[in-house]
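Structure below is start38.cif: mmCIF, C-alpha atoms and all ligand atoms.
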```cif
data_target
loop_
_atom_site.group_PDB
_atom_site.id
_atom_site.type_symbol
_atom_site.label_atom_id
_atom_site.label_comp_id
_atom_site.auth_asym_id
_atom_site.auth_seq_id
_atom_site.Cartn_x
_atom_site.Cartn_y
_atom_site.Cartn_z
ATOM 1 C CA MET A 27 -11.961 -31.028 16.597
ATOM 2 C CA ASN A 28 -9.351 -31.548 13.863
ATOM 3 C CA TYR A 29 -7.996 -28.993 11.364
ATOM 4 C CA GLN A 30 -10.445 -30.173 8.671
ATOM 5 C CA GLU A 31 -13.450 -29.713 10.948
ATOM 6 C CA ALA A 32 -12.322 -26.267 12.091
ATOM 7 C CA LEU A 33 -11.695 -25.264 8.495
ATOM 8 C CA SER A 34 -15.131 -26.453 7.322
ATOM 9 C CA LYS A 35 -16.793 -24.544 10.117
ATOM 10 C CA GLY A 36 -14.848 -21.370 9.268
ATOM 11 C CA ILE A 37 -15.707 -21.747 5.578
ATOM 12 C CA LYS A 38 -19.379 -22.147 6.417
ATOM 13 C CA ILE A 39 -19.433 -19.015 8.568
ATOM 14 C CA LEU A 40 -17.670 -16.855 5.967
ATOM 15 C CA LYS A 41 -19.830 -18.214 3.137
ATOM 16 C CA SER A 42 -23.063 -17.479 4.960
ATOM 17 C CA ASN A 43 -21.787 -13.935 5.591
ATOM 18 C CA LYS A 44 -21.168 -13.470 1.851
ATOM 19 C CA ILE A 45 -17.390 -13.194 2.050
ATOM 20 C CA LYS A 46 -16.357 -13.889 -1.560
ATOM 21 C CA SER A 47 -13.077 -15.722 -1.039
ATOM 22 C CA PHE A 48 -14.450 -17.814 1.839
ATOM 23 C CA ILE A 49 -12.300 -20.936 1.280
ATOM 24 C CA LEU A 50 -8.950 -19.232 0.757
ATOM 25 C CA ASP A 51 -9.577 -16.787 3.606
ATOM 26 C CA SER A 52 -10.441 -19.591 6.036
ATOM 27 C CA GLU A 53 -7.323 -21.485 5.037
ATOM 28 C CA ILE A 54 -5.103 -18.421 5.483
ATOM 29 C CA LEU A 55 -6.619 -17.597 8.869
ATOM 30 C CA LEU A 56 -6.390 -21.168 10.142
ATOM 31 C CA ALA A 57 -2.808 -21.534 8.934
ATOM 32 C CA SER A 58 -1.910 -18.308 10.727
ATOM 33 C CA SER A 59 -3.663 -19.403 13.952
ATOM 34 C CA LEU A 60 -1.621 -22.601 13.849
ATOM 35 C CA LYS A 61 1.570 -20.738 12.832
ATOM 36 C CA LEU A 62 1.879 -23.014 9.812
ATOM 37 C CA ASP A 63 2.071 -22.183 6.130
ATOM 38 C CA ARG A 64 -0.975 -23.063 4.038
ATOM 39 C CA ALA A 65 0.634 -26.055 2.328
ATOM 40 C CA ARG A 66 1.550 -27.621 5.656
ATOM 41 C CA LEU A 67 -1.938 -27.042 6.992
ATOM 42 C CA LEU A 68 -3.494 -28.769 3.983
ATOM 43 C CA LEU A 69 -1.179 -31.761 4.387
ATOM 44 C CA ASN A 70 -2.120 -32.233 8.039
ATOM 45 C CA LEU A 71 -5.886 -31.851 8.087
ATOM 46 C CA ASN A 72 -6.352 -34.794 10.472
ATOM 47 C CA ASN A 73 -4.316 -33.203 13.272
ATOM 48 C CA ASN A 74 -6.208 -32.042 16.308
ATOM 49 C CA ILE A 75 -6.515 -28.331 16.949
ATOM 50 C CA LYS A 76 -5.525 -27.080 20.420
ATOM 51 C CA GLU A 77 -8.046 -25.090 22.469
ATOM 52 C CA ASN A 78 -6.074 -21.809 22.307
ATOM 53 C CA GLN A 79 -5.521 -22.155 18.536
ATOM 54 C CA LYS A 80 -9.227 -22.772 18.074
ATOM 55 C CA GLU A 81 -10.004 -19.609 20.010
ATOM 56 C CA ILE A 82 -7.604 -17.544 17.899
ATOM 57 C CA PHE A 83 -9.002 -19.002 14.663
ATOM 58 C CA PHE A 84 -12.681 -18.351 15.439
ATOM 59 C CA ASN A 85 -11.834 -14.890 16.667
ATOM 60 C CA PHE A 86 -10.180 -14.250 13.258
ATOM 61 C CA ILE A 87 -13.201 -15.729 11.459
ATOM 62 C CA ASN A 88 -15.549 -13.467 13.419
ATOM 63 C CA ARG A 89 -13.546 -10.443 12.356
ATOM 64 C CA ARG A 90 -13.385 -11.538 8.729
ATOM 65 C CA LYS A 91 -17.107 -12.259 8.574
ATOM 66 C CA LYS A 92 -17.676 -8.565 9.337
ATOM 67 C CA ASN A 93 -15.546 -7.750 6.261
ATOM 68 C CA GLU A 94 -12.338 -6.830 8.048
ATOM 69 C CA PRO A 95 -9.529 -7.326 5.490
ATOM 70 C CA ILE A 96 -7.139 -10.237 6.039
ATOM 71 C CA ALA A 97 -4.143 -7.857 6.073
ATOM 72 C CA TYR A 98 -5.514 -6.007 9.120
ATOM 73 C CA ILE A 99 -6.357 -9.273 10.892
ATOM 74 C CA LEU A 100 -2.880 -10.702 10.340
ATOM 75 C CA GLY A 101 -1.154 -7.338 10.786
ATOM 76 C CA PHE A 102 1.030 -7.599 7.706
ATOM 77 C CA LYS A 103 0.955 -7.561 3.925
ATOM 78 C CA GLU A 104 3.451 -8.731 1.362
ATOM 79 C CA PHE A 105 4.553 -6.001 -1.056
ATOM 80 C CA TRP A 106 7.327 -6.092 -3.672
ATOM 81 C CA LYS A 107 9.931 -8.319 -1.976
ATOM 82 C CA ASN A 108 9.072 -7.868 1.691
ATOM 83 C CA ASN A 109 6.435 -8.181 4.384
ATOM 84 C CA PHE A 110 5.148 -4.884 5.733
ATOM 85 C CA LYS A 111 3.568 -4.339 9.109
ATOM 86 C CA ILE A 112 0.091 -2.947 8.572
ATOM 87 C CA ASN A 113 -2.636 -1.532 10.784
ATOM 88 C CA LYS A 114 -5.880 0.360 10.347
ATOM 89 C CA SER A 115 -4.164 3.728 10.143
ATOM 90 C CA VAL A 116 -2.663 2.910 6.748
ATOM 91 C CA LEU A 117 -3.840 1.811 3.346
ATOM 92 C CA ILE A 118 -3.163 -1.866 2.624
ATOM 93 C CA PRO A 119 -0.377 -1.945 0.003
ATOM 94 C CA ARG A 120 -1.782 -2.990 -3.385
ATOM 95 C CA PRO A 121 -0.112 -5.112 -6.072
ATOM 96 C CA ASP A 122 -0.841 -2.304 -8.595
ATOM 97 C CA THR A 123 1.322 0.050 -6.524
ATOM 98 C CA GLU A 124 4.310 -2.226 -7.178
ATOM 99 C CA ILE A 125 4.251 -0.642 -10.658
ATOM 100 C CA LEU A 126 5.391 2.625 -9.036
ATOM 101 C CA VAL A 127 8.325 0.860 -7.391
ATOM 102 C CA ASP A 128 9.248 -0.692 -10.730
ATOM 103 C CA GLN A 129 9.098 2.681 -12.502
ATOM 104 C CA VAL A 130 11.185 4.413 -9.824
ATOM 105 C CA LEU A 131 13.832 1.683 -10.128
ATOM 106 C CA LYS A 132 13.949 2.228 -13.911
ATOM 107 C CA GLU A 133 14.964 5.849 -13.251
ATOM 108 C CA ILE A 134 17.774 5.167 -10.774
ATOM 109 C CA LYS A 135 20.848 3.129 -11.627
ATOM 110 C CA LYS A 136 22.060 0.504 -9.120
ATOM 111 C CA ASN A 137 24.851 2.570 -7.552
ATOM 112 C CA GLU A 138 23.493 6.061 -7.981
ATOM 113 C CA ARG A 139 23.069 8.246 -4.933
ATOM 114 C CA LYS A 140 19.683 9.925 -5.326
ATOM 115 C CA GLN A 141 17.456 11.851 -2.947
ATOM 116 C CA ILE A 142 13.931 10.445 -3.125
ATOM 117 C CA LEU A 143 10.760 11.822 -1.532
ATOM 118 C CA ASP A 144 7.589 9.731 -1.011
ATOM 119 C CA ILE A 145 4.520 11.922 -0.410
ATOM 120 C CA GLY A 146 1.789 10.163 1.605
ATOM 121 C CA THR A 147 4.036 7.285 2.528
ATOM 122 C CA GLY A 148 1.506 5.314 4.646
ATOM 123 C CA SER A 149 3.181 2.067 5.695
ATOM 124 C CA GLY A 150 6.330 3.200 3.869
ATOM 125 C CA CYS A 151 5.924 0.362 1.393
ATOM 126 C CA ILE A 152 6.992 2.301 -1.723
ATOM 127 C CA ILE A 153 10.046 4.161 -0.453
ATOM 128 C CA LEU A 154 11.340 1.249 1.648
ATOM 129 C CA SER A 155 11.024 -1.153 -1.298
ATOM 130 C CA VAL A 156 12.975 1.283 -3.471
ATOM 131 C CA LEU A 157 15.730 1.837 -0.887
ATOM 132 C CA LYS A 158 16.194 -1.922 -0.470
ATOM 133 C CA GLU A 159 17.094 -2.082 -4.169
ATOM 134 C CA ARG A 160 19.115 1.129 -4.381
ATOM 135 C CA LYS A 161 21.599 0.910 -1.552
ATOM 136 C CA ASN A 162 23.262 4.312 -2.137
ATOM 137 C CA SER A 163 20.097 6.370 -2.301
ATOM 138 C CA ILE A 164 18.522 8.332 0.535
ATOM 139 C CA GLY A 165 14.781 8.442 1.204
ATOM 140 C CA TYR A 166 12.320 10.831 2.815
ATOM 141 C CA GLY A 167 8.727 9.898 3.568
ATOM 142 C CA ILE A 168 6.044 12.288 4.745
ATOM 143 C CA ASP A 169 2.479 11.637 5.820
ATOM 144 C CA ILE A 170 -0.307 13.686 7.349
ATOM 145 C CA SER A 171 -1.046 10.799 9.732
ATOM 146 C CA LYS A 172 1.191 10.522 12.802
ATOM 147 C CA LYS A 173 0.184 6.889 13.255
ATOM 148 C CA ALA A 174 1.219 6.104 9.684
ATOM 149 C CA ILE A 175 4.624 7.698 10.270
ATOM 150 C CA ASN A 176 5.138 5.626 13.415
ATOM 151 C CA LEU A 177 4.323 2.471 11.509
ATOM 152 C CA ALA A 178 6.569 3.414 8.575
ATOM 153 C CA LYS A 179 9.459 3.995 11.036
ATOM 154 C CA ASN A 180 8.814 0.596 12.507
ATOM 155 C CA ASN A 181 8.904 -0.992 9.035
ATOM 156 C CA ALA A 182 12.210 0.760 8.306
ATOM 157 C CA LYS A 183 13.654 -0.669 11.525
ATOM 158 C CA ILE A 184 12.437 -4.198 10.760
ATOM 159 C CA GLN A 185 13.984 -3.994 7.301
ATOM 160 C CA HIS A 186 17.248 -2.479 8.619
ATOM 161 C CA ILE A 187 17.133 0.717 6.559
ATOM 162 C CA SER A 188 16.495 3.299 9.269
ATOM 163 C CA ASN A 189 19.876 4.906 8.524
ATOM 164 C CA ARG A 190 18.915 5.865 4.960
ATOM 165 C CA ILE A 191 15.359 7.069 5.506
ATOM 166 C CA LYS A 192 13.764 9.994 7.333
ATOM 167 C CA PHE A 193 10.058 9.788 8.045
ATOM 168 C CA LEU A 194 8.356 13.019 8.959
ATOM 169 C CA HIS A 195 4.854 13.726 10.200
ATOM 170 C CA SER A 196 3.792 16.640 8.009
ATOM 171 C CA ASN A 197 1.060 18.016 5.850
ATOM 172 C CA ILE A 198 2.322 18.560 2.304
ATOM 173 C CA ASP A 199 1.121 22.189 2.559
ATOM 174 C CA ASN A 200 3.697 22.900 5.288
ATOM 175 C CA TYR A 201 6.565 20.958 3.759
ATOM 176 C CA TYR A 202 9.307 22.993 2.090
ATOM 177 C CA PHE A 203 12.323 20.920 3.071
ATOM 178 C CA GLY A 204 14.993 19.970 0.520
ATOM 179 C CA LYS A 205 15.252 19.383 -3.208
ATOM 180 C CA TYR A 206 14.776 15.916 -4.614
ATOM 181 C CA ASP A 207 15.975 13.988 -7.654
ATOM 182 C CA LEU A 208 12.792 12.000 -7.677
ATOM 183 C CA ILE A 209 9.376 12.296 -6.050
ATOM 184 C CA VAL A 210 6.946 9.391 -5.882
ATOM 185 C CA SER A 211 3.376 9.419 -4.607
ATOM 186 C CA ASN A 212 0.275 7.280 -4.441
ATOM 187 C CA PRO A 213 -2.089 10.031 -3.308
ATOM 188 C CA PRO A 214 -5.696 9.534 -2.185
ATOM 189 C CA TYR A 215 -7.575 9.745 -5.500
ATOM 190 C CA ILE A 216 -11.063 8.305 -4.990
ATOM 191 C CA LYS A 217 -13.900 10.710 -5.738
ATOM 192 C CA LEU A 218 -15.891 11.446 -2.583
ATOM 193 C CA SER A 219 -19.125 10.138 -4.115
ATOM 194 C CA ASP A 220 -17.404 6.892 -5.197
ATOM 195 C CA ILE A 221 -16.244 5.965 -1.692
ATOM 196 C CA ASN A 222 -19.709 4.693 -0.849
ATOM 197 C CA VAL A 223 -19.705 2.198 -3.700
ATOM 198 C CA LEU A 224 -16.349 0.651 -2.795
ATOM 199 C CA ASP A 225 -16.259 -2.869 -1.320
ATOM 200 C CA LYS A 226 -17.217 -3.043 2.357
ATOM 201 C CA ASP A 227 -13.708 -4.330 3.087
ATOM 202 C CA ILE A 228 -12.344 -1.012 1.876
ATOM 203 C CA LYS A 229 -14.944 1.579 2.819
ATOM 204 C CA PHE A 230 -15.526 0.345 6.376
ATOM 205 C CA PHE A 231 -11.921 -0.457 7.262
ATOM 206 C CA GLU A 232 -9.309 1.442 5.282
ATOM 207 C CA PRO A 233 -8.601 5.024 6.391
ATOM 208 C CA ASN A 234 -10.702 7.643 4.633
ATOM 209 C CA LEU A 235 -7.659 9.911 4.794
ATOM 210 C CA ALA A 236 -5.783 7.499 2.512
ATOM 211 C CA LEU A 237 -8.598 7.165 -0.039
ATOM 212 C CA ASN A 238 -10.493 10.437 -0.218
ATOM 213 C CA GLY A 239 -9.563 12.557 -3.229
ATOM 214 C CA GLY A 240 -12.232 15.192 -2.586
ATOM 215 C CA ILE A 241 -15.248 16.121 -4.707
ATOM 216 C CA ASP A 242 -13.621 15.566 -8.105
ATOM 217 C CA GLY A 243 -11.023 12.993 -6.972
ATOM 218 C CA PHE A 244 -8.181 15.357 -7.871
ATOM 219 C CA SER A 245 -7.777 17.501 -4.758
ATOM 220 C CA LYS A 246 -4.723 15.602 -3.454
ATOM 221 C CA ILE A 247 -3.287 14.883 -6.918
ATOM 222 C CA ARG A 248 -3.330 18.643 -7.566
ATOM 223 C CA LYS A 249 -1.644 19.390 -4.225
ATOM 224 C CA VAL A 250 1.048 16.782 -4.775
ATOM 225 C CA ILE A 251 1.843 18.011 -8.287
ATOM 226 C CA LYS A 252 1.928 21.692 -7.286
ATOM 227 C CA LYS A 253 4.191 21.092 -4.319
ATOM 228 C CA SER A 254 6.374 18.646 -6.233
ATOM 229 C CA SER A 255 7.073 21.269 -8.872
ATOM 230 C CA ILE A 256 8.744 23.275 -6.070
ATOM 231 C CA LEU A 257 10.445 20.352 -4.303
ATOM 232 C CA VAL A 258 11.831 18.493 -7.312
ATOM 233 C CA LYS A 259 15.144 19.412 -8.927
ATOM 234 C CA LYS A 260 15.196 20.618 -12.524
ATOM 235 C CA LYS A 261 15.093 17.513 -14.775
ATOM 236 C CA GLY A 262 14.011 15.508 -11.733
ATOM 237 C CA LYS A 263 11.197 12.973 -11.992
ATOM 238 C CA LEU A 264 7.695 12.841 -10.542
ATOM 239 C CA ILE A 265 6.106 9.381 -10.545
ATOM 240 C CA LEU A 266 2.431 9.275 -9.630
ATOM 241 C CA GLU A 267 -0.230 6.641 -9.161
ATOM 242 C CA ILE A 268 -3.664 7.635 -10.488
ATOM 243 C CA GLY A 269 -7.126 6.075 -10.613
ATOM 244 C CA PHE A 270 -9.431 4.938 -13.390
ATOM 245 C CA ASN A 271 -10.070 7.696 -15.947
ATOM 246 C CA GLN A 272 -7.757 10.223 -14.292
ATOM 247 C CA GLU A 273 -5.049 10.210 -16.941
ATOM 248 C CA ILE A 274 -6.145 13.138 -19.130
ATOM 249 C CA ASN A 275 -6.819 15.524 -16.290
ATOM 250 C CA THR A 276 -3.623 14.599 -14.426
ATOM 251 C CA LYS A 277 -1.572 15.180 -17.578
ATOM 252 C CA LYS A 278 -3.097 18.649 -17.867
ATOM 253 C CA ILE A 279 -2.247 19.490 -14.252
ATOM 254 C CA LEU A 280 1.298 18.202 -14.767
ATOM 255 C CA LYS A 281 1.824 20.301 -17.889
ATOM 256 C CA THR A 282 0.443 23.432 -16.218
ATOM 257 C CA ASN A 283 2.992 22.915 -13.444
ATOM 258 C CA GLY A 284 5.973 22.575 -15.765
ATOM 259 C CA PHE A 285 6.221 18.802 -16.141
ATOM 260 C CA TYR A 286 6.861 16.879 -19.342
ATOM 261 C CA ILE A 287 4.997 13.551 -19.621
ATOM 262 C CA ASN A 288 7.401 10.665 -20.247
ATOM 263 C CA ARG A 289 5.062 7.701 -20.176
ATOM 264 C CA ILE A 290 1.873 6.196 -18.839
ATOM 265 C CA VAL A 291 2.026 2.668 -17.415
ATOM 266 C CA LYS A 292 -0.968 0.342 -17.252
ATOM 267 C CA ASP A 293 -1.824 -1.850 -14.266
ATOM 268 C CA PHE A 294 -2.554 -5.595 -14.346
ATOM 269 C CA SER A 295 -6.159 -4.959 -15.439
ATOM 270 C CA GLY A 296 -5.118 -2.685 -18.308
ATOM 271 C CA ILE A 297 -6.025 0.578 -16.553
ATOM 272 C CA ASN A 298 -3.680 3.570 -16.895
ATOM 273 C CA ARG A 299 -2.258 3.585 -13.383
ATOM 274 C CA CYS A 300 1.070 5.369 -13.310
ATOM 275 C CA ILE A 301 2.393 8.579 -14.870
ATOM 276 C CA VAL A 302 6.105 9.226 -15.147
ATOM 277 C CA SER A 303 6.991 12.882 -15.724
ATOM 278 C CA THR A 304 10.017 15.180 -15.713
ATOM 279 C CA LYS A 305 10.310 18.710 -14.356
ATOM 280 C CA LEU A 306 11.425 21.021 -17.142
HETATM 281 N N1 LIG B 1 2.088 5.080 -0.054
HETATM 282 C C1 LIG B 1 1.176 4.142 0.532
HETATM 283 C C2 LIG B 1 0.796 3.078 -0.473
HETATM 284 O O1 LIG B 1 0.970 3.233 -1.637
HETATM 285 C C3 LIG B 1 -0.062 4.839 1.068
HETATM 286 C C4 LIG B 1 -0.842 5.556 0.012
HETATM 287 C C5 LIG B 1 -2.086 6.236 0.542
HETATM 288 O O2 LIG B 1 -2.365 6.175 1.742
HETATM 289 N N2 LIG B 1 -2.836 6.843 -0.334
HETATM 290 O O3 LIG B 1 0.289 2.044 -0.133
#
```

Kindly present the structure from the file in structure tokens form.
Amino acid sequence: MNYQEALSKGIKILKSNKIKSFILDSEILLASSLKLDRARLLLNLNNNIKENQKEIFFNFINRRKKNEPIAYILGFKEFWKNNFKINKSVLIPRPDTEILVDQVLKEIKKNERKQILDIGTGSGCIILSVLKERKNSIGYGIDISKKAINLAKNNAKIQHISNRIKFLHSNIDNYYFGKYDLIVSNPPYIKLSDINVLDKDIKFFEPNLALNGGIDGFSKIRKVIKKSSILVKKKGKLILEIGFNQEINTKKILKTNGFYINRIVKDFSGINRCIVSTKL
């Protein structure tokens, strides 16, 4: 069997299982099984596939056909300027979340030494991306999931920033440590009743803990804002990711907790996705 034949077979399996991006996914999974990049795979379609590579590839295809996301199959996801190790205990980093990183960087000058807290850090993708760009700043990441914290620590090690970051396994309710110049968070904000209508890739594979925003979608947003108003320094910033249609309510909660709204930033589909605010 050559690469082309393996690829066609993979494509056929994914297509018949209604996986939308069946061609691209097959190419990515085959390239990874062969330890090649996609371009090199496509230039060498007549090469023969080895037995062990074939086994790896069809094992990947069998996982993907049951809707397992590519990022979990490969065990990593690209975010901002780096690859992050990913597993099923954390949310897969989203391109829209890069907007948060961008907004945080706008608030901290290159050489400034700021204390930054990331609430619900997951893989650590936000805080680690920020620290890579702001070499004098110090980061703290907390998460209610112990497995997420272990993974985030691992990502810090891989990216050589363990000395400027502390990851702590903690519920936000029990966290009273320190005062921060800036707090960033991408909290779980999906309404409980909306979780069922998410793509299978998401609802069957990504951790409920990372998605579930309670009955009205705001239970974690509320918690994060309330606690941030205690943890942030006066004139410090809170930068939050929010979901579709959550802008008005979030602004209200922010104002009630003593925050001034600086700006709302839209995501790539034009949805209000990020709120930058300042503690008065
Ligand atoms: N901070 C992580 C991210 O943005 C995890 C967020 C979450 O689990 N809700 O990807």

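Taking only C-alpha atoms and all ligand atoms into account, ligand LIG 1 (chain B) lies nearest to A:Ile152 out of the set A:Ile251, A:Ile184, A:Ile152, A:Leu218.
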
For range 284-292 of chain A, I'd like the enclosing box, axis-aligned and padded by 4 Å on every side, reported as JSON with centre and edge lengths in Å to one decimal.
```
{"center_x": 3.2, "center_y": 11.5, "center_z": -18.0, "size_x": 16.4, "size_y": 30.2, "size_z": 12.5}
```

Here is a test: counting only C-alpha atoms and all ligand atoms, which residue of A:Ile170, A:Leu194, A:Ala182, A:Ile39 is nearest to ligand LIG 1 (chain B)? A:Ile170

Near ligand LIG 1 (chain B), 8 Å: chain A residue rows, closest pairs, all atoms listed in the file, as a Markdown table:
```
| residue | atom | partner | partner_atom | distance |
| --- | --- | --- | --- | --- |
| A:Val116 | CA | B:LIG1 | O2 | 6.0 |
| A:Leu117 | CA | B:LIG1 | O2 | 4.9 |
| A:Ile118 | CA | B:LIG1 | O3 | 5.9 |
| A:Pro119 | CA | B:LIG1 | O3 | 4.0 |
| A:Arg120 | CA | B:LIG1 | O3 | 6.3 |
| A:Thr123 | CA | B:LIG1 | O1 | 5.8 |
| A:Asp144 | CA | B:LIG1 | N1 | 7.3 |
| A:Ile145 | CA | B:LIG1 | N1 | 7.3 |
| A:Gly146 | CA | B:LIG1 | N1 | 5.4 |
| A:Thr147 | CA | B:LIG1 | N1 | 3.9 |
| A:Gly148 | CA | B:LIG1 | C3 | 3.9 |
| A:Ser149 | CA | B:LIG1 | C1 | 5.9 |
| A:Gly150 | CA | B:LIG1 | N1 | 6.1 |
| A:Cys151 | CA | B:LIG1 | O3 | 6.1 |
| A:Ile152 | CA | B:LIG1 | N1 | 5.9 |
| A:Ser211 | CA | B:LIG1 | N1 | 6.4 |
| A:Asn212 | CA | B:LIG1 | C4 | 4.9 |
| A:Pro213 | CA | B:LIG1 | N2 | 4.4 |
| A:Pro214 | CA | B:LIG1 | N2 | 4.3 |
| A:Tyr215 | CA | B:LIG1 | N2 | 7.6 |
| A:Pro233 | CA | B:LIG1 | O2 | 7.9 |
| A:Leu235 | CA | B:LIG1 | O2 | 7.2 |
| A:Ala236 | CA | B:LIG1 | O2 | 3.7 |
| A:Leu237 | CA | B:LIG1 | N2 | 5.8 |
```

Can you spit out the residues from that selection as a tab-separated table (two decimals), keeping the file's coordinate frame, using C-alpha atoms?
```tsv
chain	number	residue	atom	x	y	z
A	116	VAL	CA	-2.66	2.91	6.75
A	117	LEU	CA	-3.84	1.81	3.35
A	118	ILE	CA	-3.16	-1.87	2.62
A	119	PRO	CA	-0.38	-1.94	0.00
A	120	ARG	CA	-1.78	-2.99	-3.38
A	123	THR	CA	1.32	0.05	-6.52
A	144	ASP	CA	7.59	9.73	-1.01
A	145	ILE	CA	4.52	11.92	-0.41
A	146	GLY	CA	1.79	10.16	1.60
A	147	THR	CA	4.04	7.28	2.53
A	148	GLY	CA	1.51	5.31	4.65
A	149	SER	CA	3.18	2.07	5.70
A	150	GLY	CA	6.33	3.20	3.87
A	151	CYS	CA	5.92	0.36	1.39
A	152	ILE	CA	6.99	2.30	-1.72
A	211	SER	CA	3.38	9.42	-4.61
A	212	ASN	CA	0.28	7.28	-4.44
A	213	PRO	CA	-2.09	10.03	-3.31
A	214	PRO	CA	-5.70	9.53	-2.18
A	215	TYR	CA	-7.58	9.74	-5.50
A	233	PRO	CA	-8.60	5.02	6.39
A	235	LEU	CA	-7.66	9.91	4.79
A	236	ALA	CA	-5.78	7.50	2.51
A	237	LEU	CA	-8.60	7.16	-0.04
```

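Evaluated on this file, the PyMOL selection byres (((chain A and resi 31) around 12) and not hetatm) matches Met27, Asn28, Tyr29, Gln30, Ala32, Leu33, Ser34, Lys35, Gly36, Ile37, Lys38, Ser52, Glu53, Leu56, Asn70, Leu71, Asn72, Asn73, Asn74, Ile75 and Lys80 of chain A.
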
Hits from the PyMOL selection byres (((chain A and resi 102) around 12) and not hetatm), listed as a VMD selection string: chain A and resid 58 95 to 101 103 to 105 108 to 114 116 to 119 149 151 177 181

Export, as a PDB file, in the frame of the given file, the selected residues with C-alpha atoms.
```
ATOM      1  CA  SER A  58      -1.910 -18.308  10.727  1.00  0.00           C
ATOM      2  CA  PRO A  95      -9.529  -7.326   5.490  1.00  0.00           C
ATOM      3  CA  ILE A  96      -7.139 -10.237   6.039  1.00  0.00           C
ATOM      4  CA  ALA A  97      -4.143  -7.857   6.073  1.00  0.00           C
ATOM      5  CA  TYR A  98      -5.514  -6.007   9.120  1.00  0.00           C
ATOM      6  CA  ILE A  99      -6.357  -9.273  10.892  1.00  0.00           C
ATOM      7  CA  LEU A 100      -2.880 -10.702  10.340  1.00  0.00           C
ATOM      8  CA  GLY A 101      -1.154  -7.338  10.786  1.00  0.00           C
ATOM      9  CA  LYS A 103       0.955  -7.561   3.925  1.00  0.00           C
ATOM     10  CA  GLU A 104       3.451  -8.731   1.362  1.00  0.00           C
ATOM     11  CA  PHE A 105       4.553  -6.001  -1.056  1.00  0.00           C
ATOM     12  CA  ASN A 108       9.072  -7.868   1.691  1.00  0.00           C
ATOM     13  CA  ASN A 109       6.435  -8.181   4.384  1.00  0.00           C
ATOM     14  CA  PHE A 110       5.148  -4.884   5.733  1.00  0.00           C
ATOM     15  CA  LYS A 111       3.568  -4.339   9.109  1.00  0.00           C
ATOM     16  CA  ILE A 112       0.091  -2.947   8.572  1.00  0.00           C
ATOM     17  CA  ASN A 113      -2.636  -1.532  10.784  1.00  0.00           C
ATOM     18  CA  LYS A 114      -5.880   0.360  10.347  1.00  0.00           C
ATOM     19  CA  VAL A 116      -2.663   2.910   6.748  1.00  0.00           C
ATOM     20  CA  LEU A 117      -3.840   1.811   3.346  1.00  0.00           C
ATOM     21  CA  ILE A 118      -3.163  -1.866   2.624  1.00  0.00           C
ATOM     22  CA  PRO A 119      -0.377  -1.945   0.003  1.00  0.00           C
ATOM     23  CA  SER A 149       3.181   2.067   5.695  1.00  0.00           C
ATOM     24  CA  CYS A 151       5.924   0.362   1.393  1.00  0.00           C
ATOM     25  CA  LEU A 177       4.323   2.471  11.509  1.00  0.00           C
ATOM     26  CA  ASN A 181       8.904  -0.992   9.035  1.00  0.00           C
TER      27      ASN A 181
END
```

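Taking CA of Lys249 in chain A as the reference point, CA of Lys205 in chain A is found at 16.9 Å.
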
Quick one: distance from CA of Asn43 in chain A to CA of Leu68 in chain A in Å, one decimal?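 Computing the Euclidean distance for CA of Asn43 in chain A and CA of Leu68 in chain A yields 23.6 Å.
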
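Distance cut-off 12 Å, centre (6.8, 24.5, -7.6), atoms counted only C-alpha atoms; the residues meeting this are Asp199, Tyr201, Tyr202, Lys205, Arg248, Lys249, Val250, Ile251, Lys252, Lys253, Ser254, Ser255, Ile256, Leu257, Val258, Lys259, Lys260, Leu280, Thr282, Asn283, Gly284, Phe285, Lys305 and Leu306 of chain A.
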
Selection near Ile268 in chain A, 7 Å with only C-alpha atoms, sequence-local residues under 3 positions removed, as a PyMOL selection string: chain A and resi 215+272+299-300

Please save C-alpha atoms of the selected residues as a JSON list (two decimals), in the frame of the given file.
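Everything below was put into result.json:
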```
[["chain", "number", "residue", "atom", "x", "y", "z"],
["A", 215, "TYR", "CA", -7.58, 9.74, -5.50],
["A", 272, "GLN", "CA", -7.76, 10.22, -14.29],
["A", 299, "ARG", "CA", -2.26, 3.58, -13.38],
["A", 300, "CYS", "CA", 1.07, 5.37, -13.31]]
```

Can you measure CA of Lys183 in chain A to CA of Glu159 in chain A for me? One decimal in Å is fine.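 Distance between the two atoms: 16.1 Å.
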
Identify, on the basis of all atoms listed in the file, every residue whose closest approach to Glu81 in chain A does not exceed 12 Å; exclude the query and any residue fewer than 2 positions from it along the same chain; express the result as a PyMOL selection string. chain A and resi 32+36+55-56+59-60+75-79+83-88

Would you list the contacts of Asp227 in chain A as a PDB file with C-alpha atoms, in the frame of the given file, taking every protein, DNA or RNA residue within 8 Å and counting all atoms listed in the file, but skipping same-chain residues closer than 4 positions in sequence?
```
ATOM      1  CA  ASN A  93     -15.546  -7.750   6.261  1.00  0.00           C
ATOM      2  CA  GLU A  94     -12.338  -6.830   8.048  1.00  0.00           C
ATOM      3  CA  PRO A  95      -9.529  -7.326   5.490  1.00  0.00           C
ATOM      4  CA  PHE A 231     -11.921  -0.457   7.262  1.00  0.00           C
ATOM      5  CA  GLU A 232      -9.309   1.442   5.282  1.00  0.00           C
TER       6      GLU A 232
END
```
